Amino acid sequence: MSVCRFPRLVFALLFLLACITGCATGPTPGGLTPMSIARVESLIVRMTVEEKVGQLSLYAPAGIDIVANPQAARQSQEQQLADIRAGRVTGLFNNAGLEGKRRAQQAAVNESRLGIPLLFGADVIHGFRTVFPVPLAEAASWEPALAERTAHASAVEATADGFRWTFAPMVDIARDARWGRGVEGAGEDVYLGRQFAAARVRGFQGKDLGRADAMLATPKHFAGYGAAEGGLDYNTVDLSERTLREVYLPPFRSAIDAGALSIMSAFNEIGGIPSNANRNLLTGVLRGEWGFQGFVVSDYTADEELIAHGFAADGREAAKRAFLAGTDVSMQSGLYMQHLPGLVASGEVPMSRLDDAVRRVLRIKLRLGLFDQPFRGLEDAASPRFDSSAHQALARDAAGRSIVMLRNDGDVLPLSKSGQRIALIGPFAGASDLFGPWMVFPGQASPAGIEEAIRNSLASPELLTVVRGSDVDAPIAGGIDAAVAAAREADVVVLSIGENEQMSGEARSRSDIEIPRAQQELADAVAATGKPVVVLLRNGRALALRGAVRNARAILVTWFLGSQTGPAIADVLFGDVNPSGRLPVSFPQTPGQVPYYYSHKRTGRPQLADAPATFYKARYLDASNDALFPFGHGLGYARVRYQGLELSSPGRMAWDGTLTVRARITNTGKREAEEVVQLYIGNRAASVTRPVRELKSFRKVRVPAGQTMAVEFTLSRADLMFIGQDLQPTVEPGNFDLWVGPSAVGGLKTSFRLAPE
């Protein structure tokens with residue numbers, strides 16, 4: 001008797017079993033009902049091995065070659081449709097437009113044997129139709145709630161184009177500014193990274209994955225990708241398990257705790273084991289320790305790259321190693337379809353492992369509502385299914401909140417809208433390189449550039465002169481002469497310089513993180529006129545600044561801000577918006593300091609910041625150990641004063657108690673201040689050496705002009721935990737320093753002792 005001939009009987013039996021199991025054990029896996037679980041089990045028992053493997057095989061659309069899919073398509077569209085009808089494809093990714101998706105879904109749902117719907121995924125990193133600031137820029141807002149809002153808006157727009165799965169957020173901690181992909185994350189700090197990881201997952205997925213505007217989030221890249229040697233993309237990672245668990249894994253755990261149900265494995269190896277085939281990570285940590293219930297998807301052809309790593313002899317071995325380690329879904333390589341059926345037939349891969357992977361994928365497709373409404377979001381739409389004007393307003397607000405003012409000597413900013421002649425100089429004065437990397441889909445509205453926005457802000461357009469001066473990485477004939485002449489005729493110079501879109505992102509590592517030489521020479525020449533210079537940095541990483549750029553009267557970090565770049569910059573330049581961004585990465589003094597991050601170790605021979613430089617200390621001969629601009633730094637148009645640091649229990653925290661930390665923030669300026677108040681702790685001595693200080697909390701507060709506000713934090717013993725010698729979280733009695741301040745340097749300081757009862 002063939003089970004496949006009696007699906008209704010099988011379904012009924014499985015439904016009864018699921019009901020009994022659900023009643024006996026409480027909540028069902030992944031929040032599914034017993035009937036949904038039975039539906040999945042009914043499909044699994046009816047599936048052939050090839051159909052099962054098909055649910056684990058993800059591909060780029062055939063016949064489409066876009067920047068996010070670097071390899072040429074390996075199939076024709078008709079061949080791919082035939083594979084979909086045969087149940088050999090679980091989904092497609094980065095296939096923009098509704099017509100192709102409808103055609104593919106029709107083949108899957110109405111023309112295949114089992115009618116299992118496809119899942120359409122995309123690299124929706126910082127917007128879809130509306131382009132929001134790149135994630136690193138958005139982290140500079142220090143407002144996770146803002147990231148949640150922009151992620152939701154991105155999901156609303158992408159689901160209107162049929163996508164239900166995003167390969168975001170990237171939650172890798174990045175401490176080497178040379179690494180190009182740092183632009184996709186939240187910077188160097190674990191605590192800040194955890195907050196943004198969770199916020200972005202909540203934004204993409206919402207409270208119910210079954211909603212039409214919800215997207216399955218995919219935290220990536222699991223794990224340690226941001227620690228690539230030399231900041232070189234795809235490079236080797238070799239770090240201790242303690243550092244992995246203490247620095248690089250926590251944002252993933254926060255993303256999972258926020259509800260993420262898919263995770264992307266990383267390209268890199270760790271200690272000789274490629275992440276895509278690292279069973280300790282993908283099964284031991286992810287499932288065994290954390291109880292992750294979703295599925296793991298490889299990065300683009302990462303399973304095939306096990307061969308180039310020297311970890312697998314051929315495609316068959318690569319597929320076996322990746323799958324048995326815990327990679328459920330293979331992206332693009334096709335190795336699973338080529339080799340898993342044979343590996344299952346030979347017994348080298350257990351059928352139970354195959355069924356588990358398929359079960360995870362099908363359950364998530366059910367939770368997304370794909371089985372009941374497979375064509376939802378794929379209908380023809382005569383008009384956009386979202387409020388584009390509201391999203392553009394959100395983009396402008398997000399961009400303004402992402403700008404960081406590093407310096408404003410002599411209050412050269414804000415600029416006047418009348419009576420002040422402005423020379424706008426530099427290769428980014430216009431409307432180019434505004435979106436940043438990872439905008440792979442067409443259809444965005446043309447962004448407003450800096451020139452247009454400044455001109456629109458001025459009382460008279462004649463007050464603005466614009467000169468390019470140089471290209472991004474090459475001089476222009478006569479460019480410097482023209483720029484110097486414009487500067488001499490102006491009252492203030494706005495110098496728009498930095499990196500273009502091709503200098504940040506995947507495969508965009510830079511060995512030199514200074515301003516390109518042609519632009520540096522332009523800046524030096526313009527500064528020599530003696531006119532006050534306001535630098536607008538276009539960047540996707542921390543930069544090492546020198547010369548006239550480093551010494552400019554005012555410096556704004558403007559990143560890649562997206563659709564509303566120009567208006568947002570003009571808002572800050574002219575004081576309509578008070579800059580409130582703070583650095584999520586440390587700016588080093590020189591490129592030779594990287595990797596650089598504030599939470600470094602002391603060493604046995606520390607060069608203390610307040611002590612004279614001497615030999616035989618951990619220091620450079622030609623630079624101090626200080627950052628040029630530290631993590632957390634940023635200025636507004638109103639100055640604030642920190643005072644009155646108090647602890648609820650002076651000098652002591654009870655073992656099972658909490659410690660309330662209070663400080664007063666006074667706005668000494670004439671306009672409202674928006675301050676990011678940061679709390680750091682430092683463990684003086686422990687069984688494992690600890691960083692000099694670690695961010696433990698922050699508050700972004702508004703303080704009216706001339707007023708004082710009390711800011712309060714609560715610490716518990718859990719906030720003081722670290723990975724002990726046994727590689728387990730622990731905490732020990734001891735003495736701690738505590739700072740409340742505006743950055744990772746300085747601030748109000750006190751101390752306390754964590755005391756056992």
# chains A, B, ... in the order shown; residues from 1 in each chain; ligands from 1
>>> select_by_dssp(residues="stretch 42-237 of chain A", states="strand (DSSP E)", output="PyMOL selection string")
chain A and resi 57-59+91-93+119-122+165-166
>>> select_by_dssp(residues="stretch 125-230 of chain A", states="alpha helix (DSSP H)", output="JSON, numbers by chain")
{"A": [135, 136, 137, 138, 139, 144, 145, 146, 147, 148, 149, 150, 151, 152, 153, 154, 155, 156, 157, 158, 159, 190, 191, 192, 193, 194, 195, 196, 197, 198, 199, 200, 201, 202, 203, 204, 205]}
>>> write_last_selection(atoms="N, CA and C atoms", output="compact mmCIF listing (two decimals), in the first residue's frame")
# COMPACT_ATOMS: atom_id res chain seq x y z
N PRO A 135 23.13 50.93 7.39
CA PRO A 135 22.98 50.52 8.80
C PRO A 135 24.01 51.13 9.75
N LEU A 136 25.26 51.27 9.32
CA LEU A 136 26.26 51.87 10.21
C LEU A 136 25.87 53.31 10.54
N ALA A 137 25.38 54.02 9.54
CA ALA A 137 24.93 55.40 9.78
C ALA A 137 23.77 55.43 10.75
N GLU A 138 22.83 54.55 10.54
CA GLU A 138 21.65 54.51 11.39
C GLU A 138 22.01 54.16 12.83
N ALA A 139 23.05 53.32 13.00
CA ALA A 139 23.52 53.01 14.35
C ALA A 139 24.05 54.26 15.03
N PRO A 144 17.66 52.56 18.58
CA PRO A 144 17.16 51.29 18.01
C PRO A 144 15.72 51.38 17.53
N ALA A 145 14.91 52.17 18.19
CA ALA A 145 13.51 52.31 17.76
C ALA A 145 13.43 52.91 16.37
N LEU A 146 14.36 53.78 16.01
CA LEU A 146 14.40 54.34 14.66
C LEU A 146 14.70 53.25 13.65
N ALA A 147 15.67 52.39 13.97
CA ALA A 147 16.01 51.28 13.07
C ALA A 147 14.82 50.33 12.91
N GLU A 148 14.07 50.14 13.97
CA GLU A 148 12.88 49.29 13.87
C GLU A 148 11.87 49.89 12.90
N ARG A 149 11.71 51.21 12.93
CA ARG A 149 10.76 51.88 12.05
C ARG A 149 11.21 51.79 10.59
N THR A 150 12.49 52.03 10.33
CA THR A 150 12.96 51.98 8.93
C THR A 150 12.95 50.55 8.40
N ALA A 151 13.25 49.57 9.25
CA ALA A 151 13.17 48.17 8.82
C ALA A 151 11.73 47.81 8.47
N HIS A 152 10.79 48.28 9.27
CA HIS A 152 9.39 48.01 8.96
C HIS A 152 8.98 48.65 7.64
N ALA A 153 9.38 49.91 7.45
CA ALA A 153 9.05 50.58 6.19
C ALA A 153 9.66 49.84 5.00
N SER A 154 10.89 49.35 5.16
CA SER A 154 11.53 48.57 4.09
C SER A 154 10.74 47.31 3.80
N ALA A 155 10.25 46.66 4.86
CA ALA A 155 9.46 45.44 4.69
C ALA A 155 8.15 45.73 3.97
N VAL A 156 7.52 46.84 4.33
CA VAL A 156 6.26 47.22 3.67
C VAL A 156 6.49 47.38 2.17
N GLU A 157 7.56 48.03 1.79
CA GLU A 157 7.82 48.27 0.37
C GLU A 157 8.24 46.98 -0.35
N ALA A 158 9.07 46.17 0.29
CA ALA A 158 9.56 44.96 -0.37
C ALA A 158 8.46 43.91 -0.51
N THR A 159 7.58 43.80 0.49
CA THR A 159 6.49 42.83 0.37
C THR A 159 5.50 43.25 -0.70
N VAL A 190 29.50 45.61 21.43
CA VAL A 190 28.60 44.47 21.60
C VAL A 190 27.22 44.92 22.08
N TYR A 191 27.18 45.77 23.09
CA TYR A 191 25.89 46.18 23.64
C TYR A 191 25.07 46.94 22.61
N LEU A 192 25.68 47.91 21.95
CA LEU A 192 24.97 48.67 20.92
C LEU A 192 24.54 47.75 19.78
N GLY A 193 25.42 46.83 19.39
CA GLY A 193 25.09 45.88 18.33
C GLY A 193 23.90 45.01 18.68
N ARG A 194 23.81 44.59 19.94
CA ARG A 194 22.68 43.76 20.36
C ARG A 194 21.37 44.52 20.27
N GLN A 195 21.38 45.79 20.65
CA GLN A 195 20.14 46.57 20.61
C GLN A 195 19.64 46.74 19.17
N PHE A 196 20.57 47.02 18.26
CA PHE A 196 20.16 47.23 16.87
C PHE A 196 19.81 45.91 16.18
N ALA A 197 20.46 44.83 16.54
CA ALA A 197 20.11 43.53 15.96
C ALA A 197 18.67 43.18 16.28
N ALA A 198 18.30 43.30 17.54
CA ALA A 198 16.94 42.97 17.96
C ALA A 198 15.92 43.92 17.33
N ALA A 199 16.25 45.20 17.28
CA ALA A 199 15.31 46.19 16.74
C ALA A 199 15.02 45.92 15.26
N ARG A 200 16.06 45.61 14.51
CA ARG A 200 15.85 45.39 13.08
C ARG A 200 15.06 44.11 12.81
N VAL A 201 15.29 43.08 13.60
CA VAL A 201 14.47 41.87 13.46
C VAL A 201 13.01 42.19 13.73
N ARG A 202 12.75 42.91 14.81
CA ARG A 202 11.36 43.28 15.12
C ARG A 202 10.75 44.12 14.00
N GLY A 203 11.56 45.01 13.42
CA GLY A 203 11.04 45.86 12.35
C GLY A 203 10.67 45.08 11.11
N PHE A 204 11.55 44.18 10.70
CA PHE A 204 11.27 43.39 9.49
C PHE A 204 10.10 42.43 9.71
N GLN A 205 10.07 41.75 10.84
CA GLN A 205 9.10 40.68 11.03
C GLN A 205 7.79 41.14 11.65
>>> closest_atom_pairs(of="stretch 622-709 of chain A", to="stretch 412-436 of chain A", cutoff="12 Å", atoms="only C-alpha atoms", output="JSON lines")
{"residue": "A:Leu635", "atom": "CA", "partner": "A:Leu413", "partner_atom": "CA", "distance": 11.3}
{"residue": "A:Gly636", "atom": "CA", "partner": "A:Leu413", "partner_atom": "CA", "distance": 10.0}
{"residue": "A:Tyr637", "atom": "CA", "partner": "A:Pro414", "partner_atom": "CA", "distance": 7.8}
{"residue": "A:Ala638", "atom": "CA", "partner": "A:Pro414", "partner_atom": "CA", "distance": 11.3}
>>> write_last_selection(atoms="C-alpha atoms", output="PDB file, in the first residue's frame")
ATOM      1  CA  LEU A 635      28.307  67.217  19.471  1.00  0.00           C
ATOM      2  CA  GLY A 636      25.111  69.221  19.211  1.00  0.00           C
ATOM      3  CA  TYR A 637      24.384  72.921  18.907  1.00  0.00           C
ATOM      4  CA  ALA A 638      23.805  73.203  22.653  1.00  0.00           C
TER       5      ALA A 638
END
>>> atom_distance(atom1="atom CA of A:Ala277", atom2="atom CA of A:Met331")
14.0 Å
>>> closest_residue(among="A:Met215, A:Ile270, A:Leu239, A:Ala686", to="A:Asp123", atoms="only C-alpha atoms")
A:Met215
>>> closest_residue(among="A:Val40, A:Ala86, A:Ala448, A:Val237", to="A:Ala266", atoms="only C-alpha atoms")
A:Val237
>>> residues_around(residues="A:Val701", least_positions_apart="5", cutoff="7 Å", atoms="only C-alpha atoms", output="list in words")
Glu674, Glu675 and Val676 of chain A
>>> residues_around(residues="A:Val661", least_positions_apart="5", cutoff="10 Å", atoms="only C-alpha atoms", output="VMD selection string")
chain A and resid 645 to 650 679 711 to 715 738 to 740
>>> closest_residue(among="A:Thr666, A:Thr689, A:Ser76, A:Asn500", to="A:Ser599", atoms="only C-alpha atoms")
A:Thr689
>>> closest_residue(among="A:Lys670, A:Arg455, A:Arg367, A:Arg602", to="A:Lys207", atoms="only C-alpha atoms")
A:Arg367
>>> atom_distance(atom1="atom CA of A:Gly230", atom2="atom CA of A:Asn268")
13.0 Å
>>> closest_residue(among="A:Ser586, A:Thr730, A:Gln332, A:Ser563", to="A:Asn94", atoms="only C-alpha atoms")
A:Gln332
>>> atom_distance(atom1="atom CA of A:Met35", atom2="atom CA of A:Gly115")
18.0 Å
